[in-house]
>>> print(open('model_34.pdb').read())   # PDB, C-alpha atoms, pLDDT in the B column
ATOM      1  CA  MET B1005      46.149 -13.208  40.412  1.00 51.00           C
ATOM      2  CA  SER B1006      48.816 -10.628  39.631  1.00 51.00           C
ATOM      3  CA  ASN B1007      52.205 -10.576  41.336  1.00 45.00           C
ATOM      4  CA  ASN B1008      54.208  -7.423  41.725  1.00 48.00           C
ATOM      5  CA  ALA B1009      57.150  -6.417  43.886  1.00 53.00           C
ATOM      6  CA  SER B1010      54.766  -4.379  45.965  1.00 69.00           C
ATOM      7  CA  PHE B1011      51.424  -6.132  45.979  1.00 84.00           C
ATOM      8  CA  THR B1012      49.240  -9.005  44.833  1.00 88.00           C
ATOM      9  CA  LEU B1013      45.813  -8.337  43.337  1.00 94.00           C
ATOM     10  CA  ARG B1014      43.248 -11.073  43.938  1.00 96.00           C
ATOM     11  CA  TYR B1015      39.907 -10.882  42.166  1.00 98.00           C
ATOM     12  CA  ALA B1016      36.700 -12.714  41.350  1.00 98.00           C
ATOM     13  CA  ALA B1017      34.047 -11.846  38.761  1.00 98.00           C
ATOM     14  CA  ARG B1018      30.421 -12.928  38.425  1.00 98.00           C
ATOM     15  CA  THR B1019      27.648 -11.994  35.999  1.00 98.00           C
ATOM     16  CA  ASP B1020      24.019 -13.114  35.897  1.00 98.00           C
ATOM     17  CA  VAL B1021      21.037 -12.384  33.627  1.00 97.00           C
ATOM     18  CA  GLY B1022      18.855 -11.584  36.658  1.00 97.00           C
ATOM     19  CA  LEU B1023      15.204 -12.550  36.996  1.00 97.00           C
ATOM     20  CA  ARG B1024      13.390 -10.331  34.494  1.00 94.00           C
ATOM     21  CA  ARG B1025      15.609  -9.980  31.419  1.00 93.00           C
ATOM     22  CA  GLN B1026      15.755 -12.342  28.459  1.00 91.00           C
ATOM     23  CA  GLN B1027      19.487 -11.919  27.884  1.00 93.00           C
ATOM     24  CA  ASN B1028      22.565 -10.578  29.602  1.00 96.00           C
ATOM     25  CA  GLU B1029      23.758  -7.307  28.037  1.00 96.00           C
ATOM     26  CA  ASP B1030      26.523  -6.828  30.631  1.00 97.00           C
ATOM     27  CA  SER B1031      30.131  -7.701  29.777  1.00 98.00           C
ATOM     28  CA  VAL B1032      32.883  -8.233  32.334  1.00 98.00           C
ATOM     29  CA  TYR B1033      36.682  -8.521  32.174  1.00 98.00           C
ATOM     30  CA  ALA B1034      38.911  -9.505  35.089  1.00 98.00           C
ATOM     31  CA  GLY B1035      42.637 -10.034  34.599  1.00 96.00           C
ATOM     32  CA  PRO B1036      45.940  -9.343  36.393  1.00 92.00           C
ATOM     33  CA  ARG B1037      46.049  -5.685  35.320  1.00 94.00           C
ATOM     34  CA  LEU B1038      42.554  -4.846  34.090  1.00 97.00           C
ATOM     35  CA  LEU B1039      39.171  -5.033  35.817  1.00 98.00           C
ATOM     36  CA  ALA B1040      36.163  -3.742  33.862  1.00 98.00           C
ATOM     37  CA  VAL B1041      32.368  -3.864  33.815  1.00 98.00           C
ATOM     38  CA  ALA B1042      30.236  -2.608  30.893  1.00 98.00           C
ATOM     39  CA  ASP B1043      26.416  -2.476  30.952  1.00 97.00           C
ATOM     40  CA  GLY B1044      25.037  -2.340  27.424  1.00 96.00           C
ATOM     41  CA  MET B1045      21.842  -0.676  26.246  1.00 92.00           C
ATOM     42  CA  GLY B1046      19.968  -0.337  22.998  1.00 79.00           C
ATOM     43  CA  GLY B1047      17.526  -3.229  23.003  1.00 73.00           C
ATOM     44  CA  HIS B1048      17.301  -6.152  20.555  1.00 67.00           C
ATOM     45  CA  SER B1049      20.657  -7.464  21.875  1.00 73.00           C
ATOM     46  CA  HIS B1050      22.411  -4.319  20.611  1.00 91.00           C
ATOM     47  CA  GLY B1051      23.448  -3.530  24.180  1.00 94.00           C
ATOM     48  CA  GLU B1052      25.198  -6.870  24.316  1.00 95.00           C
ATOM     49  CA  VAL B1053      27.078  -5.980  21.113  1.00 95.00           C
ATOM     50  CA  ALA B1054      28.089  -2.583  22.533  1.00 96.00           C
ATOM     51  CA  SER B1055      29.332  -3.858  25.900  1.00 97.00           C
ATOM     52  CA  ALA B1056      31.204  -6.821  24.382  1.00 97.00           C
ATOM     53  CA  THR B1057      32.833  -4.554  21.768  1.00 97.00           C
ATOM     54  CA  VAL B1058      34.049  -2.105  24.411  1.00 97.00           C
ATOM     55  CA  ILE B1059      35.367  -4.847  26.710  1.00 98.00           C
ATOM     56  CA  ALA B1060      37.208  -6.440  23.761  1.00 98.00           C
ATOM     57  CA  ALA B1061      38.864  -3.094  22.964  1.00 97.00           C
ATOM     58  CA  MET B1062      39.827  -2.605  26.633  1.00 97.00           C
ATOM     59  CA  SER B1063      41.164  -6.143  27.098  1.00 97.00           C
ATOM     60  CA  VAL B1064      44.398  -5.417  25.187  1.00 96.00           C
ATOM     61  CA  LEU B1065      45.476  -3.350  28.206  1.00 96.00           C
ATOM     62  CA  ASP B1066      45.786  -6.553  30.242  1.00 95.00           C
ATOM     63  CA  SER B1067      48.469  -8.009  27.987  1.00 88.00           C
ATOM     64  CA  ASP B1068      50.218  -4.805  26.916  1.00 75.00           C
ATOM     65  CA  PRO B1069      53.490  -4.078  28.701  1.00 77.00           C
ATOM     66  CA  PRO B1070      52.705  -1.723  31.609  1.00 76.00           C
ATOM     67  CA  SER B1071      52.619   1.906  30.522  1.00 80.00           C
ATOM     68  CA  SER B1072      53.957   4.574  32.841  1.00 86.00           C
ATOM     69  CA  ASP B1073      51.010   6.673  31.639  1.00 93.00           C
ATOM     70  CA  LEU B1074      48.126   4.618  33.012  1.00 95.00           C
ATOM     71  CA  LEU B1075      45.534   7.311  32.352  1.00 95.00           C
ATOM     72  CA  GLY B1076      46.737   7.808  28.785  1.00 95.00           C
ATOM     73  CA  ALA B1077      46.594   4.058  28.131  1.00 95.00           C
ATOM     74  CA  LEU B1078      43.022   3.864  29.436  1.00 95.00           C
ATOM     75  CA  GLU B1079      41.970   6.900  27.449  1.00 94.00           C
ATOM     76  CA  SER B1080      43.466   5.506  24.228  1.00 95.00           C
ATOM     77  CA  ALA B1081      41.677   2.191  24.683  1.00 96.00           C
ATOM     78  CA  ILE B1082      38.363   3.998  25.252  1.00 96.00           C
ATOM     79  CA  THR B1083      38.911   6.094  22.120  1.00 94.00           C
ATOM     80  CA  GLU B1084      39.519   2.877  20.155  1.00 95.00           C
ATOM     81  CA  ALA B1085      36.371   1.321  21.675  1.00 96.00           C
ATOM     82  CA  VAL B1086      34.263   4.285  20.572  1.00 94.00           C
ATOM     83  CA  ARG B1087      35.790   4.131  17.078  1.00 94.00           C
ATOM     84  CA  ARG B1088      34.739   0.479  16.811  1.00 95.00           C
ATOM     85  CA  LEU B1089      31.192   1.263  17.965  1.00 94.00           C
ATOM     86  CA  LYS B1090      30.971   4.075  15.420  1.00 93.00           C
ATOM     87  CA  ASP B1091      32.229   1.826  12.600  1.00 94.00           C
ATOM     88  CA  MET B1092      29.681  -0.858  13.498  1.00 94.00           C
ATOM     89  CA  ALA B1093      26.810   1.632  13.602  1.00 91.00           C
ATOM     90  CA  GLU B1094      27.840   3.037  10.216  1.00 92.00           C
ATOM     91  CA  ARG B1095      27.874  -0.456   8.705  1.00 94.00           C
ATOM     92  CA  ASP B1096      24.584  -1.496  10.309  1.00 92.00           C
ATOM     93  CA  PRO B1097      22.109   1.366  10.927  1.00 88.00           C
ATOM     94  CA  LYS B1098      20.095  -0.845  13.295  1.00 89.00           C
ATOM     95  CA  LEU B1099      22.963  -0.499  15.769  1.00 90.00           C
ATOM     96  CA  THR B1100      22.861   3.315  15.755  1.00 86.00           C
ATOM     97  CA  GLY B1101      21.249   3.683  19.185  1.00 86.00           C
ATOM     98  CA  MET B1102      23.429   1.199  21.021  1.00 92.00           C
ATOM     99  CA  GLY B1103      25.641   2.253  23.875  1.00 94.00           C
ATOM    100  CA  THR B1104      27.240   1.048  27.066  1.00 96.00           C
ATOM    101  CA  THR B1105      28.496   2.163  30.442  1.00 96.00           C
ATOM    102  CA  LEU B1106      32.103   1.435  31.378  1.00 98.00           C
ATOM    103  CA  THR B1107      33.845   1.339  34.729  1.00 98.00           C
ATOM    104  CA  ALA B1108      37.440   0.116  34.452  1.00 98.00           C
ATOM    105  CA  MET B1109      40.582  -0.086  36.593  1.00 98.00           C
ATOM    106  CA  LEU B1110      44.066  -0.441  35.109  1.00 97.00           C
ATOM    107  CA  TRP B1111      46.618  -1.551  37.700  1.00 94.00           C
ATOM    108  CA  ASP B1112      50.380  -1.081  37.974  1.00 90.00           C
ATOM    109  CA  GLY B1113      52.194  -1.637  41.245  1.00 83.00           C
ATOM    110  CA  THR B1114      50.268   0.015  44.042  1.00 87.00           C
ATOM    111  CA  ARG B1115      48.553   2.468  41.684  1.00 92.00           C
ATOM    112  CA  PHE B1116      45.557   2.162  39.455  1.00 96.00           C
ATOM    113  CA  ALA B1117      43.843   4.384  36.922  1.00 97.00           C
ATOM    114  CA  LEU B1118      40.062   4.512  37.094  1.00 98.00           C
ATOM    115  CA  ALA B1119      37.887   5.291  34.059  1.00 98.00           C
ATOM    116  CA  HIS B1120      34.154   5.720  34.410  1.00 98.00           C
ATOM    117  CA  ILE B1121      31.215   6.664  32.219  1.00 97.00           C
ATOM    118  CA  GLY B1122      27.537   5.908  32.869  1.00 96.00           C
ATOM    119  CA  ASP B1123      25.985   4.409  35.997  1.00 96.00           C
ATOM    120  CA  SER B1124      27.988   1.274  36.682  1.00 97.00           C
ATOM    121  CA  ARG B1125      29.934   1.918  39.875  1.00 98.00           C
ATOM    122  CA  ALA B1126      33.216   1.369  41.695  1.00 98.00           C
ATOM    123  CA  TYR B1127      33.411   1.164  45.467  1.00 98.00           C
ATOM    124  CA  MET B1128      36.425   1.002  47.781  1.00 98.00           C
ATOM    125  CA  LEU B1129      36.403  -0.701  51.179  1.00 98.00           C
ATOM    126  CA  ARG B1130      39.288   0.717  53.208  1.00 98.00           C
ATOM    127  CA  GLU B1131      39.852   0.239  56.946  1.00 96.00           C
ATOM    128  CA  GLY B1132      36.263  -0.845  57.435  1.00 96.00           C
ATOM    129  CA  CYS B1133      34.645   2.071  55.552  1.00 97.00           C
ATOM    130  CA  LEU B1134      32.926   1.755  52.159  1.00 98.00           C
ATOM    131  CA  TYR B1135      33.338   4.620  49.697  1.00 98.00           C
ATOM    132  CA  GLN B1136      31.701   5.042  46.290  1.00 98.00           C
ATOM    133  CA  ILE B1137      34.607   6.231  44.128  1.00 98.00           C
ATOM    134  CA  THR B1138      32.639   6.912  40.934  1.00 98.00           C
ATOM    135  CA  ARG B1139      29.802   9.351  40.330  1.00 96.00           C
ATOM    136  CA  ASP B1140      26.791   8.265  38.297  1.00 95.00           C
ATOM    137  CA  HIS B1141      26.300  10.097  34.987  1.00 94.00           C
ATOM    138  CA  THR B1142      22.524  10.138  35.382  1.00 91.00           C
ATOM    139  CA  LEU B1143      19.908  12.848  35.249  1.00 91.00           C
ATOM    140  CA  VAL B1144      18.887  12.219  38.860  1.00 92.00           C
ATOM    141  CA  GLN B1145      22.501  12.452  40.103  1.00 93.00           C
ATOM    142  CA  SER B1146      22.858  15.834  38.373  1.00 92.00           C
ATOM    143  CA  LEU B1147      19.683  16.961  40.165  1.00 93.00           C
ATOM    144  CA  VAL B1148      21.096  15.754  43.486  1.00 93.00           C
ATOM    145  CA  ASP B1149      24.339  17.649  42.772  1.00 94.00           C
ATOM    146  CA  ASP B1150      22.306  20.796  42.084  1.00 94.00           C
ATOM    147  CA  GLY B1151      20.361  20.381  45.326  1.00 95.00           C
ATOM    148  CA  GLN B1152      17.061  19.809  43.507  1.00 94.00           C
ATOM    149  CA  MET B1153      16.609  16.262  44.797  1.00 92.00           C
ATOM    150  CA  THR B1154      17.774  14.193  47.766  1.00 92.00           C
ATOM    151  CA  ALA B1155      19.787  11.004  47.361  1.00 88.00           C
ATOM    152  CA  GLU B1156      16.807   9.077  48.743  1.00 88.00           C
ATOM    153  CA  GLN B1157      14.458  10.627  46.154  1.00 91.00           C
ATOM    154  CA  ALA B1158      16.972   9.858  43.410  1.00 88.00           C
ATOM    155  CA  ALA B1159      17.187   6.187  44.465  1.00 84.00           C
ATOM    156  CA  ALA B1160      13.410   5.819  44.128  1.00 86.00           C
ATOM    157  CA  HIS B1161      12.938   7.966  41.007  1.00 88.00           C
ATOM    158  CA  PRO B1162      11.250   6.122  38.102  1.00 84.00           C
ATOM    159  CA  ARG B1163      13.803   7.533  35.617  1.00 84.00           C
ATOM    160  CA  ARG B1164      16.825   7.008  37.854  1.00 82.00           C
ATOM    161  CA  SER B1165      18.673   5.047  35.170  1.00 81.00           C
ATOM    162  CA  LEU B1166      18.352   7.726  32.479  1.00 86.00           C
ATOM    163  CA  LEU B1167      21.970   8.305  31.459  1.00 90.00           C
ATOM    164  CA  MET B1168      23.503  11.671  30.639  1.00 88.00           C
ATOM    165  CA  ARG B1169      26.704  10.045  29.356  1.00 89.00           C
ATOM    166  CA  ALA B1170      27.559   6.651  27.860  1.00 91.00           C
ATOM    167  CA  LEU B1171      29.918   5.143  25.294  1.00 92.00           C
ATOM    168  CA  GLY B1172      28.249   4.968  21.901  1.00 90.00           C
ATOM    169  CA  GLY B1173      28.843   5.459  18.219  1.00 77.00           C
ATOM    170  CA  SER B1174      27.876   9.127  18.186  1.00 73.00           C
ATOM    171  CA  GLY B1175      29.520  12.252  19.523  1.00 60.00           C
ATOM    172  CA  SER B1176      32.576  12.816  21.669  1.00 65.00           C
ATOM    173  CA  VAL B1177      32.900  11.019  24.964  1.00 79.00           C
ATOM    174  CA  GLU B1178      34.350  12.346  28.174  1.00 86.00           C
ATOM    175  CA  PRO B1179      34.935   9.615  30.729  1.00 93.00           C
ATOM    176  CA  ASP B1180      35.890  10.526  34.288  1.00 96.00           C
ATOM    177  CA  LEU B1181      39.552   9.596  34.718  1.00 97.00           C
ATOM    178  CA  SER B1182      41.544   9.519  37.944  1.00 97.00           C
ATOM    179  CA  LEU B1183      44.794   8.044  39.240  1.00 97.00           C
ATOM    180  CA  ARG B1184      44.660   6.457  42.697  1.00 97.00           C
ATOM    181  CA  GLU B1185      46.953   4.834  45.231  1.00 96.00           C
ATOM    182  CA  ALA B1186      45.908   1.453  46.591  1.00 94.00           C
ATOM    183  CA  HIS B1187      46.645   0.299  50.124  1.00 94.00           C
ATOM    184  CA  THR B1188      47.279  -3.257  51.283  1.00 94.00           C
ATOM    185  CA  GLY B1189      43.993  -4.654  52.561  1.00 95.00           C
ATOM    186  CA  ASP B1190      41.798  -2.526  50.280  1.00 97.00           C
ATOM    187  CA  ARG B1191      38.850  -4.266  48.708  1.00 98.00           C
ATOM    188  CA  TYR B1192      37.264  -2.932  45.532  1.00 98.00           C
ATOM    189  CA  LEU B1193      33.880  -3.618  43.972  1.00 98.00           C
ATOM    190  CA  ILE B1194      32.980  -2.779  40.363  1.00 98.00           C
ATOM    191  CA  CYS B1195      29.357  -3.480  39.488  1.00 98.00           C
ATOM    192  CA  SER B1196      26.530  -2.753  37.084  1.00 98.00           C
ATOM    193  CA  ASP B1197      23.431  -0.953  38.358  1.00 96.00           C
ATOM    194  CA  GLY B1198      21.671  -4.321  38.441  1.00 97.00           C
ATOM    195  CA  LEU B1199      23.502  -4.702  41.762  1.00 98.00           C
ATOM    196  CA  SER B1200      23.879  -1.147  43.113  1.00 96.00           C
ATOM    197  CA  GLY B1201      20.327  -0.179  42.130  1.00 94.00           C
ATOM    198  CA  VAL B1202      18.890  -3.031  44.203  1.00 95.00           C
ATOM    199  CA  VAL B1203      21.340  -3.666  47.044  1.00 97.00           C
ATOM    200  CA  GLY B1204      22.056  -0.755  49.395  1.00 94.00           C
ATOM    201  CA  PRO B1205      25.462   0.398  50.708  1.00 95.00           C
ATOM    202  CA  GLN B1206      24.954  -1.278  54.095  1.00 97.00           C
ATOM    203  CA  ALA B1207      24.411  -4.721  52.534  1.00 98.00           C
ATOM    204  CA  LEU B1208      27.345  -4.157  50.129  1.00 98.00           C
ATOM    205  CA  HIS B1209      29.557  -3.240  53.108  1.00 98.00           C
ATOM    206  CA  GLU B1210      28.402  -6.236  55.119  1.00 98.00           C
ATOM    207  CA  THR B1211      29.072  -8.666  52.266  1.00 98.00           C
ATOM    208  CA  LEU B1212      32.482  -7.226  51.381  1.00 98.00           C
ATOM    209  CA  THR B1213      33.601  -7.461  55.019  1.00 97.00           C
ATOM    210  CA  SER B1214      32.046 -10.859  55.835  1.00 97.00           C
ATOM    211  CA  TYR B1215      33.591 -13.163  53.237  1.00 97.00           C
ATOM    212  CA  GLU B1216      37.243 -14.126  53.158  1.00 96.00           C
ATOM    213  CA  ASP B1217      36.740 -15.825  49.768  1.00 98.00           C
ATOM    214  CA  LEU B1218      36.226 -13.234  47.023  1.00 98.00           C
ATOM    215  CA  GLY B1219      34.287 -15.656  44.814  1.00 98.00           C
ATOM    216  CA  GLU B1220      31.844 -16.297  47.643  1.00 98.00           C
ATOM    217  CA  ALA B1221      31.467 -12.557  48.219  1.00 98.00           C
ATOM    218  CA  ALA B1222      30.705 -11.981  44.526  1.00 98.00           C
ATOM    219  CA  HIS B1223      28.249 -14.886  44.516  1.00 98.00           C
ATOM    220  CA  ARG B1224      26.491 -13.494  47.589  1.00 98.00           C
ATOM    221  CA  LEU B1225      26.160 -10.066  45.968  1.00 98.00           C
ATOM    222  CA  ILE B1226      24.453 -11.644  42.936  1.00 98.00           C
ATOM    223  CA  ASP B1227      22.112 -13.554  45.270  1.00 98.00           C
ATOM    224  CA  LEU B1228      21.240 -10.361  47.163  1.00 98.00           C
ATOM    225  CA  ALA B1229      20.307  -8.595  43.911  1.00 98.00           C
ATOM    226  CA  LYS B1230      18.109 -11.535  42.951  1.00 98.00           C
ATOM    227  CA  GLU B1231      16.474 -11.559  46.385  1.00 98.00           C
ATOM    228  CA  GLY B1232      15.726  -7.867  45.740  1.00 97.00           C
ATOM    229  CA  GLY B1233      13.823  -8.796  42.564  1.00 97.00           C
ATOM    230  CA  GLY B1234      16.697  -9.081  40.060  1.00 96.00           C
ATOM    231  CA  PRO B1235      15.099  -6.544  37.684  1.00 95.00           C
ATOM    232  CA  ASP B1236      18.255  -6.136  35.569  1.00 95.00           C
ATOM    233  CA  ASN B1237      21.399  -8.009  34.567  1.00 97.00           C
ATOM    234  CA  ILE B1238      23.770  -8.231  37.535  1.00 98.00           C
ATOM    235  CA  SER B1239      27.560  -8.077  37.244  1.00 98.00           C
ATOM    236  CA  CYS B1240      30.287  -7.558  39.805  1.00 98.00           C
ATOM    237  CA  ILE B1241      34.023  -7.858  40.296  1.00 98.00           C
ATOM    238  CA  VAL B1242      35.418  -8.055  43.825  1.00 98.00           C
ATOM    239  CA  ALA B1243      39.164  -7.427  44.190  1.00 98.00           C
ATOM    240  CA  GLU B1244      41.570  -7.289  47.095  1.00 97.00           C
ATOM    241  CA  VAL B1245      45.048  -5.834  47.413  1.00 96.00           C
ATOM    242  CA  GLN B1246      47.534  -7.952  49.371  1.00 92.00           C
ATOM    243  CA  ALA B1247      51.168  -7.411  50.262  1.00 87.00           C
ATOM    244  CA  GLY B1248      53.393  -8.695  47.467  1.00 74.00           C
ATOM    245  CA  ALA B1249      54.489 -12.312  47.543  1.00 57.00           C
TER     246      ALA B1249
END
>>> encode(input="model_34.pdb", output="structure tokens")
Amino acid sequence: MSNNASFTLRYAARTDVGLRRQQNEDSVYAGPRLLAVADGMGGHSHGEVASATVIAAMSVLDSDPPSSDLLGALESAITEAVRRLKDMAERDPKLTGMGTTLTAMLWDGTRFALAHIGDSRAYMLREGCLYQITRDHTLVQSLVDDGQMTAEQAAAHPRRSLLMRALGGSGSVEPDLSLREAHTGDRYLICSDGLSGVVGPQALHETLTSYEDLGEAAHRLIDLAKEGGGPDNISCIVAEVQAGA
């Protein structure tokens, strides 16, 4: 819980291996200023290495004194995360193909900076309406944007999780960065595609509005993904903005 003159941020985080994976390659961080989910890929536990490395690099933002340049602070941490991934891949060639998604919020007062790369997602529940506030960096989403595929076709496409962008040890990375104002009463959800790929917006909306307790809401979301087959690791952070104490 984070206290500020203007608001209090409550949050709860849950992660689960799911029903079909041997290990959990997601990494999650939830603290007073930083909320982040990373979904690793690369097989042979390399995804786990990638996501944990990126979350470790991001976690310094939670203890750093607040920067007036929230976007710059997020961008610097991501640059450092990529440098670490690159160093690791250079030292151990087996790690060359590893990568991870990242969806992160850095809070200060009633504002937060949002960084996003890959297909983990952030949603905002405001005044009863649920909005997806990130855009998936997937091949199918680019086809939807170009009008070559409907959202329904994209959701059922066999290669729907093929990423166009991720954090890895090769090449330059361009995360989506935005600065946003939070309102009292907002609820936010950050999740890996193990949740959003299985549980539809209506069920997400219903769960986020039904539970007063954030931990129970997060637990219910994990259960819903498992009831839907749990084909992937499942991670989520549920947060709520309250008037300052």
>>> resolve_selection(input="model_34.pdb", expression="the PyMOL selection byres ((chain B and resi 1107-1123) around 6)", output="PyMOL selection string")
chain B and resi 1037-1041+1074-1075+1105-1106+1124+1140-1141+1169-1170+1179-1186
>>> residues_near_point(input="model_34.pdb", point="(55.5, -2.9, 33.0)", cutoff="10 Å", atoms="only C-alpha atoms", output="VMD selection string")
chain B and resid 1008 1068 to 1072 1112 to 1113
>>> resolve_selection(input="model_34.pdb", expression="the PyMOL selection byres ((chain B and resi 1016-1024) around 7)", output="JSON, numbers by chain")
{"B": [1015, 1025, 1026, 1027, 1028, 1034, 1218, 1219, 1222, 1223, 1230, 1233, 1234, 1235, 1236, 1237, 1238, 1239, 1240, 1241, 1242, 1243]}
>>> write_last_selection(input="model_34.pdb", atoms="C-alpha atoms", output="compact mmCIF listing (two decimals), keeping the file's coordinate frame")
# COMPACT_ATOMS: atom_id res chain seq x y z
CA TYR B 1015 39.91 -10.88 42.17
CA ARG B 1025 15.61 -9.98 31.42
CA GLN B 1026 15.76 -12.34 28.46
CA GLN B 1027 19.49 -11.92 27.88
CA ASN B 1028 22.56 -10.58 29.60
CA ALA B 1034 38.91 -9.51 35.09
CA LEU B 1218 36.23 -13.23 47.02
CA GLY B 1219 34.29 -15.66 44.81
CA ALA B 1222 30.70 -11.98 44.53
CA HIS B 1223 28.25 -14.89 44.52
CA LYS B 1230 18.11 -11.54 42.95
CA GLY B 1233 13.82 -8.80 42.56
CA GLY B 1234 16.70 -9.08 40.06
CA PRO B 1235 15.10 -6.54 37.68
CA ASP B 1236 18.26 -6.14 35.57
CA ASN B 1237 21.40 -8.01 34.57
CA ILE B 1238 23.77 -8.23 37.53
CA SER B 1239 27.56 -8.08 37.24
CA CYS B 1240 30.29 -7.56 39.80
CA ILE B 1241 34.02 -7.86 40.30
CA VAL B 1242 35.42 -8.06 43.82
CA ALA B 1243 39.16 -7.43 44.19
>>> closest_residue(input="model_34.pdb", among="B:Val1086, B:Leu1167, B:Leu1143, B:Ala1077", to="Ala1060 (chain B)", atoms="all atoms listed in the file")
B:Val1086
>>> residues_around(input="model_34.pdb", residues="region 1187-1190 of chain B", least_positions_apart="2", cutoff="8 Å", atoms="all atoms listed in the file", output="list of chain:residue names")
B:Phe1011, B:Thr1114, B:Met1128, B:Leu1129, B:Arg1130, B:Glu1131, B:Glu1185, B:Tyr1192, B:Glu1244, B:Val1245, B:Gln1246, B:Ala1247
>>> write_last_selection(input="model_34.pdb", atoms="C-alpha atoms", output="short mmCIF file (atom, residue, chain, number, x, y, z; two decimals), keeping the file's coordinate frame")
data_model
loop_
_atom_site.label_atom_id
_atom_site.label_comp_id
_atom_site.auth_asym_id
_atom_site.auth_seq_id
_atom_site.Cartn_x
_atom_site.Cartn_y
_atom_site.Cartn_z
CA PHE B 1011 51.42 -6.13 45.98
CA THR B 1114 50.27 0.02 44.04
CA MET B 1128 36.42 1.00 47.78
CA LEU B 1129 36.40 -0.70 51.18
CA ARG B 1130 39.29 0.72 53.21
CA GLU B 1131 39.85 0.24 56.95
CA GLU B 1185 46.95 4.83 45.23
CA TYR B 1192 37.26 -2.93 45.53
CA GLU B 1244 41.57 -7.29 47.10
CA VAL B 1245 45.05 -5.83 47.41
CA GLN B 1246 47.53 -7.95 49.37
CA ALA B 1247 51.17 -7.41 50.26
#
>>> resolve_selection(input="model_34.pdb", expression="the PyMOL selection byres ((chain B and resi 1126) around 6)", output="number ranges by chain")
B: 1125, 1127, 1137-1138, 1193-1194
>>> atom_distance(input="model_34.pdb", atom1="CA of His1050 (chain B)", atom2="CA of Arg1224 (chain B)")
28.8 Å
>>> residues_around(input="model_34.pdb", residues="Glu1052 (chain B)", least_positions_apart="5", cutoff="9 Å", atoms="all atoms listed in the file", output="short mmCIF file (atom, residue, chain, number, x, y, z; two decimals) with C-alpha atoms, keeping the file's coordinate frame")
data_model
loop_
_atom_site.label_atom_id
_atom_site.label_comp_id
_atom_site.auth_asym_id
_atom_site.auth_seq_id
_atom_site.Cartn_x
_atom_site.Cartn_y
_atom_site.Cartn_z
CA GLN B 1027 19.49 -11.92 27.88
CA ASN B 1028 22.56 -10.58 29.60
CA GLU B 1029 23.76 -7.31 28.04
CA ASP B 1030 26.52 -6.83 30.63
CA SER B 1031 30.13 -7.70 29.78
CA ASP B 1043 26.42 -2.48 30.95
CA GLY B 1044 25.04 -2.34 27.42
CA MET B 1045 21.84 -0.68 26.25
CA GLY B 1046 19.97 -0.34 23.00
CA GLY B 1047 17.53 -3.23 23.00
CA THR B 1057 32.83 -4.55 21.77
CA MET B 1102 23.43 1.20 21.02
CA THR B 1104 27.24 1.05 27.07
#
>>> axis_aligned_box(input="model_34.pdb", around="region 1192-1200 of chain B", padding_each_side="8 Å", output="AutoDock Vina command-line options")
--center_x 29.5 --center_y -2.8 --center_z 41.3 --size_x 31.6 --size_y 19.7 --size_z 24.4
>>> closest_residue(input="model_34.pdb", among="B:Leu1099, B:Ala1229, B:Leu1089, B:Leu1013", to="Ser1049 (chain B)", atoms="all atoms listed in the file")
B:Leu1099
>>> closest_residue(input="model_34.pdb", among="B:Ile1226, B:Met1168, B:Leu1134, B:Ile1082", to="Leu1065 (chain B)", atoms="all atoms listed in the file")
B:Ile1082
>>> closest_residue(input="model_34.pdb", among="B:Met1062, B:Glu1231, B:Lys1098, B:Tyr1135", to="Pro1205 (chain B)", atoms="only C-alpha atoms")
B:Tyr1135
>>> build_atoms(input="model_34.pdb", residues="region 1039-1048 of chain B", atoms="N, CA and C atoms", output="PDB file, in the frame of the given file")
ATOM      1  N   LEU B1039      40.491  -4.629  35.329  1.00 98.00           N
ATOM      2  CA  LEU B1039      39.171  -5.033  35.817  1.00 98.00           C
ATOM      3  C   LEU B1039      38.160  -4.082  35.185  1.00 98.00           C
ATOM      4  N   ALA B1040      37.109  -4.624  34.556  1.00 98.00           N
ATOM      5  CA  ALA B1040      36.163  -3.742  33.862  1.00 98.00           C
ATOM      6  C   ALA B1040      34.771  -4.353  33.806  1.00 98.00           C
ATOM      7  N   VAL B1041      33.770  -3.488  33.962  1.00 98.00           N
ATOM      8  CA  VAL B1041      32.368  -3.864  33.815  1.00 98.00           C
ATOM      9  C   VAL B1041      31.719  -2.891  32.833  1.00 98.00           C
ATOM     10  N   ALA B1042      30.978  -3.428  31.864  1.00 98.00           N
ATOM     11  CA  ALA B1042      30.236  -2.608  30.893  1.00 98.00           C
ATOM     12  C   ALA B1042      28.791  -3.099  30.853  1.00 98.00           C
ATOM     13  N   ASP B1043      27.852  -2.165  30.931  1.00 97.00           N
ATOM     14  CA  ASP B1043      26.416  -2.476  30.952  1.00 97.00           C
ATOM     15  C   ASP B1043      25.802  -1.896  29.676  1.00 97.00           C
ATOM     16  N   GLY B1044      25.489  -2.788  28.737  1.00 96.00           N
ATOM     17  CA  GLY B1044      25.037  -2.340  27.424  1.00 96.00           C
ATOM     18  C   GLY B1044      23.573  -1.952  27.384  1.00 96.00           C
ATOM     19  N   MET B1045      23.241  -1.074  26.432  1.00 92.00           N
ATOM     20  CA  MET B1045      21.842  -0.676  26.246  1.00 92.00           C
ATOM     21  C   MET B1045      21.574  -0.504  24.754  1.00 92.00           C
ATOM     22  N   GLY B1046      20.313  -0.513  24.406  1.00 79.00           N
ATOM     23  CA  GLY B1046      19.968  -0.337  22.998  1.00 79.00           C
ATOM     24  C   GLY B1046      18.931  -1.317  22.524  1.00 79.00           C
ATOM     25  N   GLY B1047      18.595  -2.296  23.360  1.00 73.00           N
ATOM     26  CA  GLY B1047      17.526  -3.229  23.003  1.00 73.00           C
ATOM     27  C   GLY B1047      17.909  -4.163  21.869  1.00 73.00           C
ATOM     28  N   HIS B1048      17.107  -5.177  21.644  1.00 67.00           N
ATOM     29  CA  HIS B1048      17.301  -6.152  20.555  1.00 67.00           C
ATOM     30  C   HIS B1048      18.728  -6.684  20.529  1.00 67.00           C
TER      31      HIS B1048
END
